[in-house]
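Shown below: upload_23.txt, with compact mmCIF, C-alpha atoms.
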```txt
# COMPACT_ATOMS: atom_id res chain seq x y z
CA MET A 1 -6.08 4.24 40.40
CA SER A 2 -8.86 3.55 37.88
CA VAL A 3 -9.29 7.28 37.21
CA GLY A 4 -5.57 7.61 36.53
CA LEU A 5 -5.62 4.60 34.23
CA LEU A 6 -8.60 5.99 32.31
CA ALA A 7 -6.76 9.29 31.92
CA VAL A 8 -3.71 7.51 30.50
CA VAL A 9 -5.88 5.49 28.10
CA ASP A 10 -7.66 8.68 27.04
CA ASP A 11 -4.32 10.40 26.39
CA ILE A 12 -3.13 7.44 24.31
CA LEU A 13 -6.33 7.29 22.26
CA SER A 14 -6.34 11.06 21.71
CA ALA A 15 -2.71 11.06 20.57
CA ALA A 16 -3.32 8.06 18.30
CA LEU A 17 -6.41 9.67 16.74
CA LYS A 18 -4.63 12.96 16.02
CA ALA A 19 -1.57 11.23 14.57
CA SER A 20 -3.54 8.75 12.45
CA ALA A 21 -5.63 11.54 10.89
CA LYS A 22 -2.56 12.56 8.85
CA THR A 23 -2.24 9.07 7.38
CA ALA A 24 -5.71 8.99 5.80
CA GLY A 25 -4.37 9.23 2.24
CA VAL A 26 -2.02 6.29 2.66
CA VAL A 27 -4.74 4.22 4.34
CA ILE A 28 -7.00 4.79 1.32
CA ASP A 29 -4.13 3.78 -0.96
CA ASP A 30 -3.57 0.60 1.07
CA ALA A 31 -7.25 -0.33 0.87
CA ALA A 32 -7.23 0.31 -2.91
CA VAL A 33 -4.07 -1.70 -3.58
CA THR A 34 -4.83 -4.86 -1.60
CA PRO A 35 -7.95 -6.18 -3.45
CA GLN A 36 -5.79 -6.70 -6.54
CA TYR A 37 -4.08 -9.58 -4.77
CA VAL A 38 -7.24 -11.68 -4.36
CA GLN A 39 -8.48 -11.36 -7.92
CA GLY A 40 -8.51 -14.71 -9.71
CA LEU A 41 -9.01 -16.73 -6.52
CA SER A 42 -12.04 -18.93 -5.89
CA PRO A 43 -14.69 -17.25 -3.67
CA ALA A 44 -14.01 -19.76 -0.89
CA ARG A 45 -10.37 -18.66 -0.68
CA GLU A 46 -10.88 -14.87 -0.76
CA LEU A 47 -11.45 -14.24 2.95
CA PRO A 48 -8.74 -16.71 4.11
CA VAL A 49 -6.23 -14.95 1.85
CA VAL A 50 -7.34 -11.51 3.10
CA TRP A 51 -6.86 -12.78 6.67
CA ARG A 52 -3.38 -14.09 5.83
CA ILE A 53 -2.43 -10.71 4.36
CA ALA A 54 -3.90 -8.90 7.40
CA ARG A 55 -1.93 -11.18 9.72
CA GLY A 56 1.22 -10.42 7.72
CA SER A 57 0.42 -6.72 8.02
CA LEU A 58 0.19 -6.99 11.82
CA LEU A 59 3.50 -8.86 11.92
CA ASN A 60 5.03 -6.16 9.71
CA LYS A 61 3.89 -3.45 12.09
CA PHE A 62 4.61 -5.06 15.45
CA LEU A 63 7.71 -7.14 14.73
CA ILE A 64 9.49 -4.92 12.19
CA ILE A 65 8.20 -1.40 11.69
CA ILE A 66 7.42 -0.15 15.20
CA PRO A 67 10.54 -1.56 16.92
CA LEU A 68 12.79 -0.44 14.05
CA ALA A 69 11.20 3.01 13.85
CA LEU A 70 11.59 3.60 17.58
CA LEU A 71 15.19 2.39 17.59
CA LEU A 72 16.21 4.36 14.52
CA SER A 73 14.44 7.53 15.63
CA ALA A 74 16.33 7.29 18.93
CA PHE A 75 19.78 6.27 17.70
CA ALA A 76 20.04 6.76 13.91
CA PRO A 77 17.27 9.04 12.60
CA TRP A 78 19.34 9.80 9.47
CA VAL A 79 18.71 6.24 8.20
CA LEU A 80 14.92 6.58 7.99
CA PRO A 81 14.78 8.73 4.80
CA TYR A 82 16.98 6.24 2.94
CA LEU A 83 14.73 3.34 3.97
CA LEU A 84 11.72 5.27 2.69
CA ILE A 85 13.49 5.95 -0.62
CA VAL A 86 14.07 2.21 -1.05
CA GLY A 87 10.46 1.46 -0.12
CA GLY A 88 9.11 4.14 -2.45
CA THR A 89 11.24 2.82 -5.31
CA TYR A 90 9.80 -0.66 -4.79
CA LEU A 91 6.24 0.73 -4.97
CA CYS A 92 7.13 2.58 -8.19
CA PHE A 93 8.51 -0.66 -9.60
CA GLU A 94 5.31 -2.57 -8.78
CA GLY A 95 3.12 0.21 -10.13
CA ALA A 96 5.07 0.44 -13.38
CA GLU A 97 4.78 -3.33 -13.83
CA LYS A 98 0.99 -3.05 -13.47
CA VAL A 99 0.82 -0.26 -16.07
CA MET A 100 2.90 -2.36 -18.47
CA GLU A 101 0.44 -5.22 -17.99
CA TRP A 102 -2.39 -2.92 -19.12
CA PHE A 103 -0.58 -2.60 -22.44
CA GLY A 104 -0.08 -6.32 -22.88
CA PHE A 105 3.34 -6.87 -21.32
CA HIS A 106 3.37 -9.94 -19.07
CA HIS A 107 6.08 -12.05 -17.54
CA ALA A 108 6.27 -15.49 -19.07
CA ALA A 109 5.34 -17.24 -15.85
CA GLU A 110 2.47 -14.96 -14.93
CA GLU A 111 -0.32 -17.32 -15.97
CA THR A 112 0.83 -19.95 -13.49
CA GLU A 113 1.73 -17.49 -10.74
CA VAL A 114 -1.50 -15.50 -10.62
CA ARG A 115 -3.36 -18.19 -8.64
CA ASP A 116 -0.48 -19.19 -6.39
CA GLU A 117 -1.76 -18.14 -2.95
CA LYS A 118 1.66 -18.23 -1.32
CA LYS A 119 3.12 -15.84 -3.89
CA LEU A 120 0.04 -13.63 -3.82
CA VAL A 121 0.21 -13.30 -0.04
CA SER A 122 3.98 -12.72 0.03
CA GLY A 123 3.66 -10.03 -2.66
CA ALA A 124 0.80 -8.33 -0.80
CA VAL A 125 2.68 -8.45 2.50
CA ARG A 126 5.79 -6.92 0.87
CA THR A 127 3.69 -4.07 -0.51
CA ASP A 128 1.96 -3.68 2.84
CA LEU A 129 5.36 -3.42 4.55
CA ILE A 130 6.10 -0.27 2.58
CA LEU A 131 2.66 1.31 2.95
CA SER A 132 2.52 0.40 6.64
CA THR A 133 6.00 1.84 7.13
CA GLU A 134 4.83 5.18 5.77
CA ILE A 135 1.67 5.06 7.91
CA MET A 136 3.60 4.33 11.09
CA LEU A 137 6.43 6.81 10.38
CA ILE A 138 3.95 9.61 9.60
CA SER A 139 2.15 8.72 12.82
CA LEU A 140 5.41 8.68 14.79
CA ALA A 141 6.40 12.08 13.42
CA SER A 142 2.95 13.46 14.33
CA LEU A 143 3.07 12.33 17.98
CA ASP A 144 4.13 14.77 20.68
CA PRO A 145 7.82 14.04 21.47
CA ASP A 146 7.06 14.77 25.14
CA LEU A 147 4.81 11.70 25.38
CA GLY A 148 7.69 9.47 26.41
CA ILE A 149 8.73 6.11 25.02
CA TRP A 150 5.96 3.99 26.56
CA MET A 151 3.10 6.33 25.69
CA THR A 152 4.51 6.66 22.18
CA LEU A 153 4.72 2.89 21.86
CA ALA A 154 1.16 2.49 23.14
CA ALA A 155 -0.15 5.08 20.66
CA LEU A 156 1.64 3.37 17.77
CA VAL A 157 0.15 0.01 18.81
CA VAL A 158 -3.35 1.53 18.81
CA ILE A 159 -2.72 3.10 15.39
CA GLY A 160 -1.35 -0.17 13.99
CA LEU A 161 -4.34 -2.19 15.19
CA GLY A 162 -6.86 0.42 14.08
CA MET A 163 -5.41 0.94 10.61
CA THR A 164 -5.12 -2.79 9.98
CA ALA A 165 -8.74 -3.33 11.01
CA ILE A 166 -9.96 -0.47 8.80
CA VAL A 167 -7.95 -1.45 5.72
CA TYR A 168 -8.57 -5.19 5.76
CA GLY A 169 -12.16 -4.85 6.96
CA ALA A 170 -12.80 -2.69 3.89
CA VAL A 171 -10.96 -5.17 1.66
CA ALA A 172 -12.98 -8.10 3.03
CA LEU A 173 -16.20 -6.19 2.35
CA LEU A 174 -15.13 -5.37 -1.20
CA VAL A 175 -14.18 -8.91 -2.14
CA LYS A 176 -17.37 -10.46 -0.71
CA ILE A 177 -19.95 -7.90 -1.78
CA ASP A 178 -20.71 -9.94 -4.90
CA ASP A 179 -21.87 -12.75 -2.60
CA VAL A 180 -24.39 -10.30 -1.15
CA GLY A 181 -25.64 -9.72 -4.68
CA LEU A 182 -25.98 -13.45 -5.32
CA HIS A 183 -27.88 -13.84 -2.04
CA LEU A 184 -30.31 -11.08 -3.03
CA MET A 185 -30.89 -12.64 -6.46
CA VAL A 186 -32.63 -15.65 -4.89
CA LYS A 187 -35.03 -13.54 -2.82
CA GLU A 188 -38.73 -13.53 -3.66
CA ALA A 189 -39.05 -9.74 -3.89
CA PRO A 190 -38.44 -8.53 -7.47
CA ALA A 191 -36.74 -5.36 -6.20
CA ALA A 192 -34.25 -7.42 -4.17
CA ARG A 193 -33.52 -9.68 -7.14
CA ALA A 194 -32.99 -6.69 -9.42
CA LEU A 195 -30.65 -5.06 -6.89
CA GLY A 196 -28.70 -8.29 -6.52
CA ALA A 197 -28.33 -8.62 -10.29
CA ARG A 198 -27.07 -5.03 -10.54
CA ILE A 199 -24.52 -5.66 -7.79
CA VAL A 200 -23.21 -8.81 -9.49
CA ARG A 201 -23.02 -7.12 -12.90
CA SER A 202 -21.23 -4.08 -11.49
CA MET A 203 -18.51 -5.93 -9.56
CA PRO A 204 -16.15 -6.55 -12.54
CA VAL A 205 -16.25 -2.81 -13.23
CA VAL A 206 -15.75 -2.02 -9.54
CA PHE A 207 -12.69 -4.26 -9.35
CA LYS A 208 -11.30 -2.79 -12.57
CA VAL A 209 -11.63 0.68 -11.07
CA ILE A 210 -10.04 -0.53 -7.83
CA SER A 211 -7.17 -2.04 -9.80
CA VAL A 212 -6.55 1.26 -11.61
CA VAL A 213 -6.85 3.29 -8.41
CA GLY A 214 -4.53 0.89 -6.62
CA THR A 215 -1.91 1.12 -9.35
CA VAL A 216 -2.06 4.91 -9.43
CA ALA A 217 -1.85 4.86 -5.63
CA MET A 218 1.34 2.79 -5.78
CA LEU A 219 2.91 5.27 -8.19
CA TRP A 220 1.68 8.30 -6.26
CA VAL A 221 2.74 7.11 -2.81
CA GLY A 222 6.00 5.63 -4.12
CA GLY A 223 6.85 8.72 -6.12
CA HIS A 224 6.02 11.04 -3.24
CA LEU A 225 8.12 8.98 -0.82
CA VAL A 226 11.11 9.14 -3.14
CA ILE A 227 10.71 12.86 -3.93
CA ALA A 228 10.24 13.94 -0.30
CA ASN A 229 13.05 11.83 1.10
CA LEU A 230 15.51 12.61 -1.69
CA ALA A 231 14.95 16.27 -0.82
CA GLU A 232 15.90 15.51 2.79
CA THR A 233 19.06 13.67 1.79
CA ILE A 234 20.95 14.04 -1.48
CA TRP A 235 18.87 15.53 -4.33
CA HIS A 236 16.43 18.44 -4.16
CA ALA A 237 15.57 18.87 -7.86
CA PRO A 238 12.48 16.56 -8.04
CA TYR A 239 10.99 18.28 -4.99
CA ASP A 240 11.69 21.69 -6.51
CA LEU A 241 9.84 20.61 -9.67
CA LEU A 242 6.89 19.37 -7.61
CA HIS A 243 6.87 22.59 -5.59
CA ALA A 244 6.98 24.71 -8.76
CA VAL A 245 3.95 22.90 -10.23
CA THR A 246 1.88 23.19 -7.05
CA ASP A 247 2.81 26.87 -6.70
CA ALA A 248 1.65 27.49 -10.27
CA VAL A 249 -1.86 26.19 -9.50
CA ASP A 250 -2.06 27.48 -5.93
CA ALA A 251 -4.69 30.08 -6.84
CA ALA A 252 -7.04 27.34 -8.09
CA GLY A 253 -7.58 26.01 -4.57
CA PRO A 254 -6.43 23.12 -2.38
CA VAL A 255 -8.18 20.40 -4.40
CA ILE A 256 -6.35 21.38 -7.61
CA VAL A 257 -3.08 21.67 -5.69
CA TRP A 258 -3.59 18.15 -4.31
CA LEU A 259 -4.40 16.79 -7.78
CA ALA A 260 -1.31 18.46 -9.23
CA ASP A 261 0.87 17.09 -6.42
CA THR A 262 -0.59 13.61 -6.97
CA ALA A 263 -0.16 13.75 -10.75
CA VAL A 264 3.46 14.91 -10.64
CA SER A 265 4.33 12.34 -7.96
CA ALA A 266 2.66 9.56 -9.96
CA VAL A 267 4.36 10.54 -13.24
CA LEU A 268 7.81 10.76 -11.64
CA GLY A 269 7.08 7.50 -9.83
CA PHE A 270 6.17 5.83 -13.13
CA VAL A 271 9.36 7.07 -14.78
CA LEU A 272 11.43 5.74 -11.90
CA GLY A 273 9.46 2.48 -11.93
CA ILE A 274 10.05 1.96 -15.67
CA VAL A 275 13.78 2.50 -15.15
CA VAL A 276 13.83 -0.09 -12.36
CA VAL A 277 11.75 -2.55 -14.43
CA GLY A 278 14.25 -2.16 -17.27
CA ILE A 279 17.17 -2.81 -14.92
CA VAL A 280 15.47 -5.86 -13.39
CA LEU A 281 14.61 -7.35 -16.79
CA GLY A 282 18.10 -6.63 -18.10
CA VAL A 283 19.73 -8.35 -15.12
CA ALA A 284 17.32 -11.29 -15.43
CA ARG A 285 18.15 -11.75 -19.12
CA LEU A 286 21.87 -11.46 -18.43
CA LEU A 287 21.66 -14.12 -15.72
CA LYS A 288 19.60 -16.34 -18.04
CA ARG A 289 22.25 -16.09 -20.76
CA LYS A 290 24.97 -16.96 -18.29
CA ALA A 291 23.06 -20.00 -16.96
CA PRO A 292 24.69 -23.36 -17.84
CA VAL A 293 23.38 -24.83 -21.06
CA GLY A 294 22.63 -28.11 -19.32
CA THR A 295 20.01 -26.47 -17.10
CA ALA A 296 17.69 -25.81 -20.04
CA HIS A 297 14.90 -28.33 -20.73
```
Serialized structure, structure tokens:
Amino acid sequence: MSVGLLAVVDDILSAALKASAKTAGVVIDDAAVTPQYVQGLSPARELPVVWRIARGSLLNKFLIIIPLALLLSAFAPWVLPYLLIVGGTYLCFEGAEKVMEWFGFHHAAEETEVRDEKKLVSGAVRTDLILSTEIMLISLASLDPDLGIWMTLAALVVIGLGMTAIVYGAVALLVKIDDVGLHLMVKEAPAARALGARIVRSMPVVFKVISVVGTVAMLWVGGHLVIANLAETIWHAPYDLLHAVTDAVDAAGPVIVWLADTAVSAVLGFVLGIVVVGIVLGVARLLKRKAPVGTAH
């Protein structure tokens, strides 16, 4: 019995490892995006907020994504591309908002919202829902259909737990590494103090780079989701453009092809995101104008 159980566990782990290997790019994006949500918090609140986001990510995966993905893949697989288009559009919207902030555009309430933990966590969990959806759907598509429902479910559970641990373990390390620097700065050894000082001085730059990478990742992943799933449903032109660009640089090698694919996806994602930002702002202003005069203070 134990040998049979070990064989089943080995099959599950092997299937999960092979399927999760194809999600590496999205996992990196997730780890790059999340640290943005803890910037501006006091050091004492960083790890608790990361844990709250990680807990929300697990709930996303196990209460929403995995059950819905299994049900839809069994009974309504045609719905999945449309869900991914909606999710990709939301990522493009968030990414475009971040780019606009780089150029000085801020919402009026942003100064009071940036330190609101509840809003930070809810925003991070919403973004995680989309990234986790892509991770789990790519994994589901990569699993052998002959595994059966229970083996498939077990493999997805392993992937969900493993990816959450990797992403939020990396995020926790990133947000607390400056504390390591501060700890080294009080050591007696001059080399340790110098290393600690360099770590502390470098962290603002590190987080700036992470913020930029995370924003580009939102646009890239969101744009790619929209392009790929539009091609499967109603509109092939964006995918044809992407394919034409990657074909043109194919001779330069896989790295250049990947960079071209990423750049085109990010640019198209930004264009879509700007359009959605404009629609959202226009609707918000229209609703504000229609609000009763007596509600103004």
Pull the closest atom pair for each residue of segment 158-177 of chain A that gets at most 12 Å from segment 210-219 of chain A, along with the distance in Å to one decimal, counting only C-alpha atoms, ordering rows by chain and then ascending residue number, as CSV.
```
residue,atom,partner,partner_atom,distance
A:Val171,CA,A:Ile210,CA,10.6
A:Leu174,CA,A:Ile210,CA,9.7
A:Val175,CA,A:Ile210,CA,10.9
```
(request) Tell me, in Å to one decimal, how far atom CA of Asp30 of chain A is from atom CA of Trp78 of chain A. (result)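 Spanning atom CA of Asp30 of chain A to atom CA of Trp78 of chain A is a straight-line distance of 26.1 Å.
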(request) Choose the residue, out of A:Ala155, A:Val99, A:Ala248, A:Val27, that has the smallest atom-to-atom separation from Val267 of chain A; count all atoms listed in the file. (result) A:Val99
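Each of A:Ala191, A:Thr34, A:Leu225, A:Leu120 was compared to Leu80 of chain A using only C-alpha atoms, and A:Leu225 turns out to be the nearest.
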Tyr168 of chain A environment, 9 Å, only C-alpha atoms, sequence neighbours closer than 2 positions dropped, as an mmCIF file with C-alpha atoms, in the coordinates of the input:
```
data_model
loop_
_atom_site.group_PDB
_atom_site.id
_atom_site.type_symbol
_atom_site.label_atom_id
_atom_site.label_comp_id
_atom_site.auth_asym_id
_atom_site.auth_seq_id
_atom_site.Cartn_x
_atom_site.Cartn_y
_atom_site.Cartn_z
ATOM 1 C CA ASP A 30 -3.570 0.600 1.070
ATOM 2 C CA ALA A 31 -7.250 -0.330 0.870
ATOM 3 C CA THR A 34 -4.830 -4.860 -1.600
ATOM 4 C CA VAL A 50 -7.340 -11.510 3.100
ATOM 5 C CA TRP A 51 -6.860 -12.780 6.670
ATOM 6 C CA ILE A 53 -2.430 -10.710 4.360
ATOM 7 C CA ALA A 54 -3.900 -8.900 7.400
ATOM 8 C CA MET A 163 -5.410 0.940 10.610
ATOM 9 C CA THR A 164 -5.120 -2.790 9.980
ATOM 10 C CA ALA A 165 -8.740 -3.330 11.010
ATOM 11 C CA ILE A 166 -9.960 -0.470 8.800
ATOM 12 C CA ALA A 170 -12.800 -2.690 3.890
ATOM 13 C CA VAL A 171 -10.960 -5.170 1.660
ATOM 14 C CA ALA A 172 -12.980 -8.100 3.030
ATOM 15 C CA LEU A 173 -16.200 -6.190 2.350
#
```
(message) Show me, as a ChimeraX atom specification, the residues that have an atom within 9 Å of segment 85-92 of chain A when counting all atoms listed in the file, minus same-chain residues fewer than 5 positions from it.
(response) /A:80,97,127,129-131,133-134,218-230,266,268-274,276
(message) What's around segment 193-200 of chain A at 9 Å? Count only C-alpha atoms, leave out sequence neighbours fewer than 2 positions away in its own chain, and write the answer as a list in words.
(response)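 The neighbour list is Ile177, Asp178, Asp179, Val180, Gly181, Leu182, His183, Leu184, Met185, Val186, Lys187, Glu188, Ala189, Pro190, Ala191, Ser202, Met203 and Pro204 of chain A.
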(message) From the options A:Pro254, A:Gly123, A:Gly162, A:Pro43, which residue's atoms come nearest to Glu94 of chain A, counting only C-alpha atoms?
(response)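 Ranking A:Pro254, A:Gly123, A:Gly162, A:Pro43 by distance to Glu94 of chain A, first place goes to A:Gly123.
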How big is the axis-aligned box around the listed atoms of segment 204-219 of chain A once 8 Å is added on each side, and where is its centre? Give both in Å to one decimal, as AutoDock Vina command-line options.
```
--center_x -6.7 --center_y -0.6 --center_z -9.4 --size_x 35.2 --size_y 27.8 --size_z 23.6
```
(request) Could you check which of A:Lys61, A:Arg289, A:Arg45, A:Arg55 is closest to Leu156 of chain A, using only C-alpha atoms? (result)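 So, comparing all the options, the nearest one is A:Lys61.
Of note, atom CA of Ala15 of chain A and atom CA of Ile66 of chain A are spaced 16.0 Å apart.
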(request) Can you work out the spacing between atom CA of Val121 of chain A and atom CA of Val167 of chain A in Å, to one decimal? (result) 15.5 Å
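Using all atoms listed in the file, the smallest distance between any of A:Lys176, A:Val264, A:Leu137, A:Ala231 and Leu68 of chain A comes from A:Leu137.
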(request) Please work out which residues fall within 12 Å of (3.8, 3.6, 24.5), coordinates as given in the file, with all atoms listed in the file counting, and return them as a list of chain:residue names. (result) A:Val8, A:Val9, A:Asp11, A:Ile12, A:Leu13, A:Ala15, A:Ala16, A:Ile66, A:Pro67, A:Leu70, A:Leu140, A:Leu143, A:Asp144, A:Pro145, A:Asp146, A:Leu147, A:Gly148, A:Ile149, A:Trp150, A:Met151, A:Thr152, A:Leu153, A:Ala154, A:Ala155, A:Leu156, A:Val157, A:Val158, A:Ile159
Take the residues from that selection and put them in a file with C-alpha atoms, as a PDB file, in the coordinates of the input.
```
ATOM      1  CA  VAL A   8      -3.710   7.510  30.500  1.00  0.00           C
ATOM      2  CA  VAL A   9      -5.880   5.490  28.100  1.00  0.00           C
ATOM      3  CA  ASP A  11      -4.320  10.400  26.390  1.00  0.00           C
ATOM      4  CA  ILE A  12      -3.130   7.440  24.310  1.00  0.00           C
ATOM      5  CA  LEU A  13      -6.330   7.290  22.260  1.00  0.00           C
ATOM      6  CA  ALA A  15      -2.710  11.060  20.570  1.00  0.00           C
ATOM      7  CA  ALA A  16      -3.320   8.060  18.300  1.00  0.00           C
ATOM      8  CA  ILE A  66       7.420  -0.150  15.200  1.00  0.00           C
ATOM      9  CA  PRO A  67      10.540  -1.560  16.920  1.00  0.00           C
ATOM     10  CA  LEU A  70      11.590   3.600  17.580  1.00  0.00           C
ATOM     11  CA  LEU A 140       5.410   8.680  14.790  1.00  0.00           C
ATOM     12  CA  LEU A 143       3.070  12.330  17.980  1.00  0.00           C
ATOM     13  CA  ASP A 144       4.130  14.770  20.680  1.00  0.00           C
ATOM     14  CA  PRO A 145       7.820  14.040  21.470  1.00  0.00           C
ATOM     15  CA  ASP A 146       7.060  14.770  25.140  1.00  0.00           C
ATOM     16  CA  LEU A 147       4.810  11.700  25.380  1.00  0.00           C
ATOM     17  CA  GLY A 148       7.690   9.470  26.410  1.00  0.00           C
ATOM     18  CA  ILE A 149       8.730   6.110  25.020  1.00  0.00           C
ATOM     19  CA  TRP A 150       5.960   3.990  26.560  1.00  0.00           C
ATOM     20  CA  MET A 151       3.100   6.330  25.690  1.00  0.00           C
ATOM     21  CA  THR A 152       4.510   6.660  22.180  1.00  0.00           C
ATOM     22  CA  LEU A 153       4.720   2.890  21.860  1.00  0.00           C
ATOM     23  CA  ALA A 154       1.160   2.490  23.140  1.00  0.00           C
ATOM     24  CA  ALA A 155      -0.150   5.080  20.660  1.00  0.00           C
ATOM     25  CA  LEU A 156       1.640   3.370  17.770  1.00  0.00           C
ATOM     26  CA  VAL A 157       0.150   0.010  18.810  1.00  0.00           C
ATOM     27  CA  VAL A 158      -3.350   1.530  18.810  1.00  0.00           C
ATOM     28  CA  ILE A 159      -2.720   3.100  15.390  1.00  0.00           C
TER      29      ILE A 159
END
```
(request) Considering all atoms listed in the file, state which residue in the set A:Val125, A:Ile256, A:Leu71, A:Val280 is at the smallest distance from Gly56 of chain A. (result)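 Ranked by minimum distance to Gly56 of chain A, first place goes to A:Val125.
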Subset file as an mmCIF file, in the first residue's frame: segment 128-135 of chain A, all heavy atoms:
```cif
data_model
loop_
_atom_site.group_PDB
_atom_site.id
_atom_site.type_symbol
_atom_site.label_atom_id
_atom_site.label_comp_id
_atom_site.auth_asym_id
_atom_site.auth_seq_id
_atom_site.Cartn_x
_atom_site.Cartn_y
_atom_site.Cartn_z
ATOM 1 N N ASP A 128 -3.369 39.740 -7.813
ATOM 2 C CA ASP A 128 -2.943 38.347 -7.685
ATOM 3 C C ASP A 128 -3.965 37.396 -8.308
ATOM 4 O O ASP A 128 -3.589 36.375 -8.891
ATOM 5 C CB ASP A 128 -2.757 37.991 -6.206
ATOM 6 C CG ASP A 128 -2.511 36.510 -6.003
ATOM 7 O OD1 ASP A 128 -1.338 36.099 -6.052
ATOM 8 O OD2 ASP A 128 -3.487 35.750 -5.812
ATOM 9 N N LEU A 129 -5.246 37.723 -8.190
ATOM 10 C CA LEU A 129 -6.285 36.860 -8.765
ATOM 11 C C LEU A 129 -6.055 36.653 -10.254
ATOM 12 O O LEU A 129 -6.186 35.536 -10.771
ATOM 13 C CB LEU A 129 -7.671 37.472 -8.515
ATOM 14 C CG LEU A 129 -8.858 36.721 -9.115
ATOM 15 C CD1 LEU A 129 -8.983 35.333 -8.520
ATOM 16 C CD2 LEU A 129 -10.148 37.512 -8.906
ATOM 17 N N ILE A 130 -5.665 37.725 -10.939
ATOM 18 C CA ILE A 130 -5.457 37.634 -12.383
ATOM 19 C C ILE A 130 -4.173 36.875 -12.699
ATOM 20 O O ILE A 130 -4.157 35.962 -13.532
ATOM 21 C CB ILE A 130 -5.421 39.038 -12.997
ATOM 22 C CG1 ILE A 130 -6.766 39.735 -12.767
ATOM 23 C CG2 ILE A 130 -5.108 38.977 -14.480
ATOM 24 C CD1 ILE A 130 -6.725 41.219 -12.905
ATOM 25 N N LEU A 131 -3.077 37.222 -12.006
ATOM 26 C CA LEU A 131 -1.819 36.528 -12.249
ATOM 27 C C LEU A 131 -1.917 35.059 -11.859
ATOM 28 O O LEU A 131 -1.420 34.175 -12.571
ATOM 29 C CB LEU A 131 -0.696 37.219 -11.476
ATOM 30 C CG LEU A 131 -0.328 38.622 -11.967
ATOM 31 C CD1 LEU A 131 0.631 39.294 -10.998
ATOM 32 C CD2 LEU A 131 0.281 38.575 -13.358
ATOM 33 N N SER A 132 -2.558 34.785 -10.723
ATOM 34 C CA SER A 132 -2.725 33.394 -10.292
ATOM 35 C C SER A 132 -3.621 32.617 -11.256
ATOM 36 O O SER A 132 -3.413 31.420 -11.479
ATOM 37 C CB SER A 132 -3.314 33.343 -8.879
ATOM 38 O OG SER A 132 -2.393 33.818 -7.920
ATOM 39 N N THR A 133 -4.623 33.295 -11.812
ATOM 40 C CA THR A 133 -5.483 32.635 -12.794
ATOM 41 C C THR A 133 -4.666 32.181 -13.992
ATOM 42 O O THR A 133 -4.800 31.047 -14.471
ATOM 43 C CB THR A 133 -6.612 33.575 -13.253
ATOM 44 O OG1 THR A 133 -7.449 33.876 -12.129
ATOM 45 C CG2 THR A 133 -7.454 32.936 -14.345
ATOM 46 N N GLU A 134 -3.777 33.058 -14.480
ATOM 47 C CA GLU A 134 -2.956 32.655 -15.615
ATOM 48 C C GLU A 134 -2.025 31.508 -15.229
ATOM 49 O O GLU A 134 -1.867 30.539 -15.980
ATOM 50 C CB GLU A 134 -2.136 33.830 -16.152
ATOM 51 C CG GLU A 134 -1.404 33.424 -17.419
ATOM 52 C CD GLU A 134 -0.578 34.543 -18.014
ATOM 53 O OE1 GLU A 134 -0.209 35.468 -17.291
ATOM 54 O OE2 GLU A 134 -0.277 34.455 -19.220
ATOM 55 N N ILE A 135 -1.409 31.591 -14.045
ATOM 56 C CA ILE A 135 -0.526 30.517 -13.595
ATOM 57 C C ILE A 135 -1.262 29.185 -13.565
ATOM 58 O O ILE A 135 -0.792 28.167 -14.093
ATOM 59 C CB ILE A 135 0.053 30.838 -12.196
ATOM 60 C CG1 ILE A 135 1.076 31.975 -12.287
ATOM 61 C CG2 ILE A 135 0.710 29.595 -11.578
ATOM 62 C CD1 ILE A 135 1.529 32.500 -10.940
#
```
